Each structure stands twice: as structure tokens, then as C-alpha cells.
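Enquirer: Quick one: the structure is below, and I'll ask about it shortly.
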Amino acid sequence: MNLEHFLKNEAPSWMSKDGVDADIVISTRIRLARNLAGYRYPRSFSEQEAKHVDDVVTNALTNINNVMFSHFTIKEMPALQRQVLVEKHLISPLLAKKEKSASVVISNDESISVMVNEEDHLRIQCLAPGFQLLETYEIADKLDSYLEKHLPYAFDETFGYLTSCPTNVGTGLRASVMMHLPALTMSNQMKVITQMLTRLGMVVRGIYGEGSENLGNMYQISNQVTLGKTEQEILEDLQNVVSQIIQNERKARQSLMKQAPIALEDRIQRALGTLRYARVMTSDEAATCLSNVRLGVDLGLIKGIPISILNECMILIQQGFVQQYAGTTLQATERDLFRAKLLREKLNSVDENSKEKGEEKYDV
Amino acid sequence: MICEHCKVREASVTVTQIINGQKSERHYCEVCAGQFHPFHIDFNKDDNLQLAQLVSNWFGLPIWKNETQEKQTQAAQTATTCPTCGYSFRQFLNEGKLGCSQCYETFSNKLPQVLTKIQSGTKHTGKIPGTTTNNHLLLKKQIDKIREKLQQAIVEERFEDAANLRDEIKDLERKLEVGGVDTP
């Protein structure tokens, strides 16, 4: 598959399926860090080692029969395309900056990506819609078990899978759940939850990258500990914590509906209006409005907008995508114009069929 | 009391350090303490510095120290360097990352002290290459859990929930039968 397939202005196909608890959990991600024995880590290896690792890994992956993978070399990609892949979470910002033989191998439905020569030789990543930690881990585990037969993994009986950073050593497993928590945020409960999670060995981050703490009320919750616990224990602990947060969010939503139904609906409908008609839109405002509209859809206050459109918009409002859509690099103020246009197109097209008779139509 | 650093202003901040079980107290004024505080260091120099700073904090390395101390600790820590990548333990503490797999062997006696602070143990208990972990057990466990919820839903007469839970169980059981997902 050529690179254009992965740069299209739409959500990846794995996202279109409905997941479990999809009203609160957007997606689940599993990441496994692995290194090959006999090569130094990317931070200290030579160009020759880098090339060799890239070849060996790519070879092993392209020989798989039932999943089609495509291979891309990072330094051959223009900066904007790298950014689009980062925004789709297919590669990390670190990989996008790499100069030595770094590459990424992506499955055609974009649910699996393997980064080569990032911080570690291999970063296996699997994505799935909704809340499915065990199922997603199983996919990653199978790919890992396949690869270990063809690659000499660096493994130590005491320390487990060896990684460049001691925060990944052991299982090399980082499991993350992307959650939409507007009601818990509005009722100021996120601070307490964040502190509680830290004590349980878990981390809360914003999903639009560093420093975007609660932009769009989106949070990424993942395990911090990778050594001293089995994969199963790590996943179960995270599963339990996330299930509890889901329950709390549902409760908080109900009490919001009870206490301030008018204020809530006003906020939600205003957000929809803004998305449909605004001419200038910063990414902050877009993320906030999308969060409100999503809440409206979940609560049944807005009808006719599928969640999949909102998922797509969440990805498209990022600056790399906006420029991709415009077909050129843009200044921040220009981006805001194109972002507004993009959102209008996406959100006004959805309910064309449900429009009442007599309403004006621009083209027939 | 007068600040130990500038020896001009009144000391108002007490810094307590414990190194190898030895406690020492320092008294600084607010101005000097502000300069010493680890989070006032210019992070822009290096992206990884923040983590490195944390690692060295965990390890109990003082952030500021006089020159003789610095030389002593440096001498002790550069003593061992990794034969494969040339990393020293000092370098690891500064950067927070290791250079190669050999490092784990080279620093095997010092690493556990760092690991206990950031991990829940120092020994790997998870997957081992060459063995297949039984994910079926996991799925079965999950099914049992949902069954419990289902029972509860029936008792509480939440039939819509019960129907959803039943479907969830069916889905999982189907996965068990086909042996999970058909990726290699």
C-alpha cells in the first residue's frame, strides 16, 4: 500500500467499528517495547547497526501471510506527512525526528504499527476501538510471539525484556485507554482521580500530546509499572480502575442531567452551532466543542450525528491534518480558517437526509 | 540565622538531605534556595533532562554539591563503563536511558536500587520468550466476572443490562472457541 492510503482525510478503518463502552472509552492501545540482542540501542548505535536492525525486522514482518504490512522509511518522508502519522498515533513524535535508519511498518487497516529504531529497536503497537484491553493485548501478544521466532530478542531472566529506559523494562508493556470524561472534569473530580491513579502505579495524560492536560476532556490512562508484575496483572489492574472511572463518569453525567438540564443542553447545542457555522476555529475551541457535542450525542440530546464522525473530527482538527486538507503549509491564523471549513463540511453533511422538507438546499 | 550560601540574607529555607543514611541540614535564604531548587534548572537544554533529574533524585544523588564531593562521586561512578556501548552509570543517571542490553549486566549490582523506586519489583515475572502464555485463562476469568454481573442484573430486574451482558458473554465465548483473533 502506498503512503497516501495512510494520509487520507478520514479516520482509520479500525475506528469505524463500535467498541465496548464506546460512549466513554474512545480507544484502547497496547504497546510492547522490544530490543534485539547483539545490537546497541538506537541512542548509541551506528548507522550500519541501524540499517541492519531495520532490514531484519522489516523482513520478519513482511513474511507474515494473513496481515498485510507496508514499510515506510522516516527520513524519506516530508515533515508534514510525518506529522499526520504522529497525529494518527501511528508513529511517535520521537520517531518522526529520527535521522538514522528509522522506519515504521503499518498494517493496512492501521490497527497495528511497528516502529523500528525509535527509543528501542521495536515498538509493537496495537489499537482498537472502545474498551478492550485483553483482546487488544492478545493481538499484540500473537504478533510478538511470531516475531520472537524470527528475531533474537534481548531477554534476561532477572530483568525480563531489556529496554533502553528502565521505566519499560520487564514486560515492556504499556497499556493505554483513551477516555472522554466531561462530567468528571466539569465536577472537578479529575484532580483527585489523577492523584489516586498515581498511587496505584498509573498515569493520566492529555491525548493531544504533552501539555494538553484536559483539552477536549480527553484523557489517556496507562500503566506505569512494567517490572514485578505479569502482563495479566498489569492489564487486570488497569481494567478494574478504568471500569470504576467509567461508572463514576456515568453517575456524574446523570447528576448533571438532573441538576442543570437547561444549562447543560444550552452548552451542548451552542457547541453544535459553533461547529456548524463558525468561520474561525482554533484547535482548543474545536476540541472543546467536539467534547460537548459528543456528550450531547451520548445523552441523547443530539440525534443524527454518528459518533464515528466525531471520532474523525477529533483527528482532523490537529494542525498537520488541517494543512494536509488545505494541501499546503499554513500560518496559525490560516489554519483556523481551514479548520472551521473542514468542520462545517463534516458536520453539515451528516444530516442532509434528515433535513425537513422546505429547508433550503444549496445544490440538487 | 544567616544564609550559608550568600552569607548576607536571613536564612528561611531548610534543605534536608539524606545520603547513605547520613543526614545533613543546610540553611539558605529564599533567593539562594530558589537558584538551587531542581525545578529551576533550565530544562530546555535537553528534552530528557527532566526524567534524568528524577532518576538521580530517586537515586539520592544531590542536585547541588561542592566541587570536592562532585569529583569523588564522579570518580566512583566512572569506574565502571559498559564494554559494548561505553556508557557509564553516571551517564545513565544523567540521561535516564541505557545504551545497550549489555548495560544491564554491567550495572547489575546498581540497577536494582533505581528499579525499586520506579517499578513494583526488581524481578521479571511476566512473559518469557519460547513459552506461550495462556490467554484463554484470562478470557475465561473475564467471562466469569460478567456472569456475576449478569446474575446481579437479573436479581435487580435490570433486564436491559442483563441482555447486554448476555451478548457480551456470547461474544467472548465465541472468541474462546476460535482461539482468539487470527493474527499470527
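How things are named: the first chain in the C-alpha cells is A, the next is B, and so on; residues count from 1 in each chain; ligands count from 1 in the order shown.
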Select residues of chain B: the criterion is any atom within 7 Å of an atom of chain A, counting only C-alpha atoms; output as number ranges by chain.
Expert: B: 85, 96-101, 118-127, 129, 181, 183-184
Enquirer: Any idea what's packed within 10 Å of Ala96 of chain A, counting only C-alpha atoms, ignoring anything in its chain fewer than 4 positions away? Could you give it as a ChimeraX atom specification?
Expert: /A:74-75,77,79,81-83,85-86,91-92,102-104,118
Enquirer: How would the residues just picked look written out with all heavy atoms as a compact mmCIF listing (two decimals), in the first residue's frame?
Expert:
```
# COMPACT_ATOMS: atom_id res chain seq x y z
N ILE A 74 11.42 6.78 7.59
CA ILE A 74 11.08 8.10 8.11
C ILE A 74 11.78 9.22 7.35
O ILE A 74 11.17 10.21 6.96
CB ILE A 74 11.43 8.20 9.62
CG1 ILE A 74 10.60 7.18 10.41
CG2 ILE A 74 11.21 9.62 10.15
CD1 ILE A 74 9.10 7.38 10.35
N LYS A 75 13.09 9.07 7.11
CA LYS A 75 13.81 10.21 6.52
C LYS A 75 13.43 10.48 5.07
O LYS A 75 13.74 11.53 4.53
CB LYS A 75 15.33 10.08 6.72
CG LYS A 75 15.94 8.88 6.09
CD LYS A 75 17.44 8.87 6.35
CE LYS A 75 18.00 7.57 5.78
NZ LYS A 75 19.28 7.19 6.32
N MET A 77 10.33 10.74 4.22
CA MET A 77 9.01 11.40 4.26
C MET A 77 9.15 12.89 4.51
O MET A 77 9.94 13.31 5.34
CB MET A 77 8.20 10.84 5.43
CG MET A 77 7.44 9.61 5.13
SD MET A 77 6.42 9.30 6.58
CE MET A 77 6.87 7.64 6.89
N ALA A 79 8.14 16.51 6.14
CA ALA A 79 7.78 16.78 7.54
C ALA A 79 6.28 16.72 7.79
O ALA A 79 5.83 16.20 8.81
CB ALA A 79 8.34 18.14 7.95
N GLN A 81 3.94 15.00 6.28
CA GLN A 81 3.42 13.64 6.31
C GLN A 81 3.78 12.94 7.61
O GLN A 81 2.98 12.18 8.16
CB GLN A 81 3.97 12.85 5.11
CG GLN A 81 3.53 13.47 3.80
CD GLN A 81 3.89 12.62 2.60
OE1 GLN A 81 4.63 11.66 2.71
NE2 GLN A 81 3.36 12.99 1.45
N ARG A 82 4.98 13.21 8.10
CA ARG A 82 5.36 12.63 9.39
C ARG A 82 4.40 13.11 10.47
O ARG A 82 3.95 12.33 11.31
CB ARG A 82 6.76 13.08 9.80
CG ARG A 82 7.85 12.57 8.90
CD ARG A 82 9.19 12.98 9.45
NE ARG A 82 10.19 13.00 8.39
CZ ARG A 82 11.46 13.28 8.58
NH1 ARG A 82 11.89 13.57 9.79
NH2 ARG A 82 12.30 13.27 7.59
N GLN A 83 4.07 14.40 10.41
CA GLN A 83 3.20 14.96 11.45
C GLN A 83 1.81 14.32 11.40
O GLN A 83 1.21 14.03 12.43
CB GLN A 83 3.09 16.47 11.28
CG GLN A 83 2.47 17.10 12.51
CD GLN A 83 2.45 18.61 12.44
OE1 GLN A 83 3.00 19.22 11.54
NE2 GLN A 83 1.80 19.21 13.41
N LEU A 85 1.10 11.30 10.48
CA LEU A 85 1.21 9.98 11.10
C LEU A 85 1.29 10.07 12.62
O LEU A 85 0.75 9.22 13.33
CB LEU A 85 2.42 9.22 10.55
CG LEU A 85 2.37 8.82 9.07
CD1 LEU A 85 3.57 7.95 8.72
CD2 LEU A 85 1.09 8.06 8.74
N VAL A 86 1.96 11.12 13.12
CA VAL A 86 2.02 11.32 14.57
C VAL A 86 0.62 11.59 15.11
O VAL A 86 0.19 11.02 16.12
CB VAL A 86 2.95 12.49 14.95
CG1 VAL A 86 2.84 12.84 16.42
CG2 VAL A 86 4.39 12.16 14.61
N ILE A 91 2.86 6.81 14.56
CA ILE A 91 4.26 6.90 14.99
C ILE A 91 4.34 7.90 16.13
O ILE A 91 3.42 8.67 16.37
CB ILE A 91 5.21 7.32 13.83
CG1 ILE A 91 4.88 8.74 13.35
CG2 ILE A 91 5.13 6.35 12.67
CD1 ILE A 91 5.88 9.28 12.34
N SER A 92 5.45 7.87 16.87
CA SER A 92 5.60 8.78 18.00
C SER A 92 6.33 10.04 17.53
O SER A 92 7.02 10.02 16.51
CB SER A 92 6.41 8.10 19.09
OG SER A 92 7.73 7.88 18.61
N ALA A 102 15.40 4.89 10.68
CA ALA A 102 14.20 4.63 11.47
C ALA A 102 13.08 4.42 10.48
O ALA A 102 13.05 5.04 9.42
CB ALA A 102 13.89 5.81 12.36
N SER A 103 12.16 3.52 10.82
CA SER A 103 11.06 3.28 9.90
C SER A 103 9.83 2.84 10.67
O SER A 103 9.88 2.62 11.88
CB SER A 103 11.45 2.23 8.87
OG SER A 103 11.68 1.00 9.50
N VAL A 104 8.74 2.72 9.93
CA VAL A 104 7.52 2.23 10.56
C VAL A 104 6.86 1.24 9.61
O VAL A 104 6.91 1.41 8.39
CB VAL A 104 6.58 3.40 10.92
CG1 VAL A 104 6.13 4.18 9.70
CG2 VAL A 104 5.34 2.89 11.67
N GLU A 118 13.09 3.37 17.18
CA GLU A 118 12.67 4.54 17.96
C GLU A 118 13.59 4.57 19.18
O GLU A 118 14.80 4.48 19.02
CB GLU A 118 11.17 4.39 18.33
CG GLU A 118 10.53 5.73 18.66
CD GLU A 118 9.89 5.75 20.02
OE1 GLU A 118 10.34 5.01 20.90
OE2 GLU A 118 8.94 6.55 20.21
```
Enquirer: Taking the backbone alone, and naming residues the way the document does, which bits of segment 90-219 of chain A are strand (DSSP E or B) by DSSP, as a PyMOL selection string?
Expert: chain A and resi 103-107+112-116+122-129+153+155-156+160-161+170+173-180+202-206+218-219
Enquirer: Given the choices A:Asp237, A:Glu334, A:Gly300, A:Arg250, which gets closest to Met281 of chain A if the distance is worked out from only C-alpha atoms?
Expert: A:Glu334
Enquirer: Report the distance between atom CA of Leu299 of chain A and atom CA of Leu275 of chain A in Å, rounded to one decimal place.
Expert: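 A separation of 18.5 Å between them.
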Enquirer: Have a look at A:Gly216, A:Gly130, A:Gly206, A:Gly19 and name the one nearest to Ala287 of chain A; count only C-alpha atoms.
Expert: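 Answer, going by the shortest atom-to-atom distance: A:Gly216.
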Enquirer: How many Å separate atom CA of Ile305 of chain A from atom CA of Leu272 of chain A?
Expert: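 Pair atom CA of Ile305 of chain A / atom CA of Leu272 of chain A returns 10.3 Å.
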Enquirer: Residues within 7 Å of Ile112 of chain A, please, as a PyMOL selection string. Count only C-alpha atoms; anything in the same chain fewer than 3 positions from it doesn't count.
Expert: chain A and resi 106-107+125-127
Enquirer: If you keep N, CA and C atoms, can you produce a file of those selected residues as an mmCIF file, in the first residue's frame?
Expert:
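Resulting contents of again-v3.cif:
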```cif
data_model
loop_
_atom_site.group_PDB
_atom_site.id
_atom_site.type_symbol
_atom_site.label_atom_id
_atom_site.label_comp_id
_atom_site.auth_asym_id
_atom_site.auth_seq_id
_atom_site.Cartn_x
_atom_site.Cartn_y
_atom_site.Cartn_z
ATOM 1 N N ILE A 106 3.227 -0.539 8.962
ATOM 2 C CA ILE A 106 1.837 -0.334 9.347
ATOM 3 C C ILE A 106 0.945 -1.358 8.648
ATOM 4 N N SER A 107 0.009 -1.923 9.382
ATOM 5 C CA SER A 107 -0.958 -2.838 8.758
ATOM 6 C C SER A 107 -1.969 -2.003 7.990
ATOM 7 N N GLN A 125 2.747 -1.828 18.337
ATOM 8 C CA GLN A 125 1.601 -1.095 18.858
ATOM 9 C C GLN A 125 0.311 -1.594 18.210
ATOM 10 N N CYS A 126 -0.695 -1.881 19.038
ATOM 11 C CA CYS A 126 -1.988 -2.309 18.518
ATOM 12 C C CYS A 126 -3.074 -1.387 19.035
ATOM 13 N N LEU A 127 -3.965 -0.976 18.139
ATOM 14 C CA LEU A 127 -5.048 -0.070 18.507
ATOM 15 C C LEU A 127 -6.391 -0.754 18.273
#
```
Enquirer: Write out as an NGL selection string each polymer residue whose atoms come within 12 Å of Pro306 of chain A, counting only C-alpha atoms; drop sequence neighbours fewer than 5 positions from it.
Expert: :A and (16-18 or 22-23 or 293-294 or 296-298 or 300 or 311-313 or 346-347 or 349-351)
Enquirer: Could you save those same residues with all heavy atoms as a tab-separated table (two decimals), in the first residue's frame?
Expert:
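part-v9.tsv, freshly written:
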```
chain	number	residue	atom	x	y	z
A	16	SER	N	-13.93	2.64	12.83
A	16	SER	CA	-15.33	2.70	12.45
A	16	SER	C	-16.16	1.62	13.14
A	16	SER	O	-17.37	1.71	13.23
A	16	SER	CB	-15.46	2.56	10.94
A	16	SER	OG	-14.91	1.33	10.54
A	17	LYS	N	-15.48	0.58	13.66
A	17	LYS	CA	-16.24	-0.44	14.39
A	17	LYS	C	-16.59	0.09	15.78
A	17	LYS	O	-15.85	0.86	16.36
A	17	LYS	CB	-15.38	-1.70	14.54
A	17	LYS	CG	-15.28	-2.49	13.25
A	17	LYS	CD	-14.35	-3.67	13.44
A	17	LYS	CE	-13.45	-3.88	12.25
A	17	LYS	NZ	-12.08	-4.17	12.58
A	18	ASP	N	-17.75	-0.35	16.27
A	18	ASP	CA	-18.14	0.08	17.60
A	18	ASP	C	-17.46	-0.77	18.65
A	18	ASP	O	-17.39	-1.98	18.52
A	18	ASP	CB	-19.66	-0.03	17.76
A	18	ASP	CG	-20.33	1.31	17.47
A	18	ASP	OD1	-19.60	2.32	17.47
A	18	ASP	OD2	-21.54	1.32	17.24
A	22	ALA	N	-18.30	2.39	24.31
A	22	ALA	CA	-17.80	3.39	23.37
A	22	ALA	C	-18.28	4.80	23.70
A	22	ALA	O	-17.76	5.78	23.17
A	22	ALA	CB	-18.22	3.03	21.95
A	23	ASP	N	-19.28	4.93	24.59
A	23	ASP	CA	-19.72	6.28	24.96
A	23	ASP	C	-18.67	6.98	25.81
A	23	ASP	O	-18.66	8.20	25.88
A	23	ASP	CB	-21.07	6.23	25.69
A	23	ASP	CG	-21.04	5.31	26.90
A	23	ASP	OD1	-20.20	4.39	26.92
A	23	ASP	OD2	-21.83	5.53	27.83
A	293	VAL	N	-20.43	18.25	22.05
A	293	VAL	CA	-21.35	17.59	21.12
A	293	VAL	C	-21.37	16.09	21.38
A	293	VAL	O	-22.41	15.45	21.39
A	293	VAL	CB	-20.96	17.90	19.66
A	293	VAL	CG1	-21.73	17.01	18.70
A	293	VAL	CG2	-21.20	19.36	19.35
A	294	ARG	N	-20.20	15.52	21.64
A	294	ARG	CA	-20.12	14.09	21.94
A	294	ARG	C	-20.96	13.76	23.17
A	294	ARG	O	-21.72	12.78	23.19
A	294	ARG	CB	-18.66	13.69	22.18
A	294	ARG	CG	-18.49	12.23	22.54
A	294	ARG	CD	-17.05	11.93	22.86
A	294	ARG	NE	-16.26	11.80	21.64
A	294	ARG	CZ	-16.06	10.64	21.01
A	294	ARG	NH1	-16.57	9.53	21.51
A	294	ARG	NH2	-15.37	10.57	19.93
A	296	GLY	N	-23.51	15.42	24.18
A	296	GLY	CA	-24.89	15.56	23.76
A	296	GLY	C	-25.41	14.31	23.05
A	296	GLY	O	-26.52	13.86	23.29
A	297	VAL	N	-24.56	13.74	22.18
A	297	VAL	CA	-24.95	12.52	21.47
A	297	VAL	C	-25.11	11.37	22.47
A	297	VAL	O	-26.09	10.62	22.43
A	297	VAL	CB	-23.90	12.16	20.39
A	297	VAL	CG1	-24.19	10.80	19.79
A	297	VAL	CG2	-23.88	13.24	19.32
A	298	ASP	N	-24.15	11.25	23.39
A	298	ASP	CA	-24.20	10.16	24.38
A	298	ASP	C	-25.45	10.26	25.25
A	298	ASP	O	-26.02	9.25	25.65
A	298	ASP	CB	-22.96	10.21	25.29
A	298	ASP	CG	-21.70	9.80	24.55
A	298	ASP	OD1	-21.84	9.19	23.47
A	298	ASP	OD2	-20.60	10.10	25.04
A	300	GLY	N	-28.26	11.55	24.37
A	300	GLY	CA	-29.48	11.51	23.56
A	300	GLY	C	-30.07	12.89	23.30
A	300	GLY	O	-31.20	13.00	22.83
A	311	ASN	N	-15.36	11.09	16.12
A	311	ASN	CA	-14.02	10.50	16.23
A	311	ASN	C	-13.12	11.02	15.12
A	311	ASN	O	-11.96	11.36	15.34
A	311	ASN	CB	-14.11	8.97	16.11
A	311	ASN	CG	-14.61	8.34	17.39
A	311	ASN	OD1	-14.56	8.97	18.46
A	311	ASN	ND2	-15.11	7.13	17.29
A	312	GLU	N	-13.69	11.06	13.91
A	312	GLU	CA	-12.93	11.52	12.76
A	312	GLU	C	-12.52	12.98	12.94
A	312	GLU	O	-11.36	13.33	12.74
A	312	GLU	CB	-13.81	11.37	11.53
A	312	GLU	CG	-13.06	11.33	10.24
A	312	GLU	CD	-13.96	10.84	9.13
A	312	GLU	OE1	-14.38	9.67	9.19
A	312	GLU	OE2	-14.28	11.63	8.24
A	313	CYS	N	-13.48	13.82	13.36
A	313	CYS	CA	-13.19	15.25	13.54
A	313	CYS	C	-12.08	15.46	14.57
A	313	CYS	O	-11.22	16.31	14.41
A	313	CYS	CB	-14.44	15.99	13.99
A	313	CYS	SG	-15.65	16.15	12.67
A	346	LYS	N	-17.84	18.52	7.50
A	346	LYS	CA	-18.08	17.22	8.14
A	346	LYS	C	-19.41	17.20	8.86
A	346	LYS	O	-20.14	16.21	8.80
A	346	LYS	CB	-16.95	16.91	9.15
A	346	LYS	CG	-15.66	16.50	8.49
A	346	LYS	CD	-15.72	15.07	7.99
A	346	LYS	CE	-14.48	14.76	7.17
A	346	LYS	NZ	-14.63	13.55	6.35
A	347	LEU	N	-19.73	18.27	9.58
A	347	LEU	CA	-20.91	18.23	10.45
A	347	LEU	C	-22.19	18.63	9.74
A	347	LEU	O	-23.28	18.32	10.21
A	347	LEU	CB	-20.69	19.09	11.69
A	347	LEU	CG	-19.72	18.42	12.66
A	347	LEU	CD1	-19.19	19.40	13.66
A	347	LEU	CD2	-20.38	17.24	13.35
A	349	SER	N	-22.77	17.76	6.58
A	349	SER	CA	-23.10	16.73	5.60
A	349	SER	C	-23.86	15.57	6.24
A	349	SER	O	-24.60	14.87	5.58
A	349	SER	CB	-21.83	16.19	4.94
A	349	SER	OG	-21.07	15.50	5.90
A	350	VAL	N	-23.69	15.40	7.57
A	350	VAL	CA	-24.24	14.18	8.17
A	350	VAL	C	-25.75	14.11	8.15
A	350	VAL	O	-26.32	13.05	7.96
A	350	VAL	CB	-23.78	13.96	9.64
A	350	VAL	CG1	-22.40	13.40	9.64
A	350	VAL	CG2	-23.92	15.21	10.46
A	351	ASP	N	-26.43	15.26	8.35
A	351	ASP	CA	-27.87	15.11	8.49
A	351	ASP	C	-28.63	15.65	7.28
A	351	ASP	O	-29.78	16.05	7.38
A	351	ASP	CB	-28.37	15.76	9.78
A	351	ASP	CG	-28.12	17.24	9.80
A	351	ASP	OD1	-27.36	17.72	8.93
A	351	ASP	OD2	-28.68	17.93	10.64
```
Enquirer: List as JSON, numbers by chain the protein and nucleic acid residues near Thr80 of chain B, meaning an atom at most 9 Å away when only C-alpha atoms are counted, but skip any in the same chain fewer than 4 places from it.
Expert: {"B": [76, 87, 88, 89, 106, 107]}
Enquirer: Please report, as a list in words, each residue of segment 144-217 of chain A to which DSSP assigns helix (DSSP H, G or I) when run on this structure's backbone.
Expert: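 Of segment 144-217 of chain A, the ones in helix (DSSP H, G or I) are Asp144, Ser145, Tyr146, Leu147, Glu148, Lys149, His150, Pro182, Ala183, Leu184, Thr185, Met186, Met190, Lys191, Val192, Ile193, Thr194, Gln195, Met196, Leu197, Thr198, Arg199, Leu215, Gly216 and Asn217 of chain A.
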Enquirer: Measure the distance from atom CA of Leu176 of chain B to atom CA of Gln142 of chain B in Å and round it to one decimal.
Expert: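 So the two atoms, atom CA of Leu176 of chain B and atom CA of Gln142 of chain B, lie 11.3 Å apart.
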Enquirer: Given only C-alpha atoms as the basis, pick out the residue of A:Ala278, A:Met196, A:Lys98, A:Lys303 nearest to Phe338 of chain A.
Expert: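 Of A:Ala278, A:Met196, A:Lys98, A:Lys303, the one nearest Phe338 of chain A, counting only C-alpha atoms, is A:Ala278.
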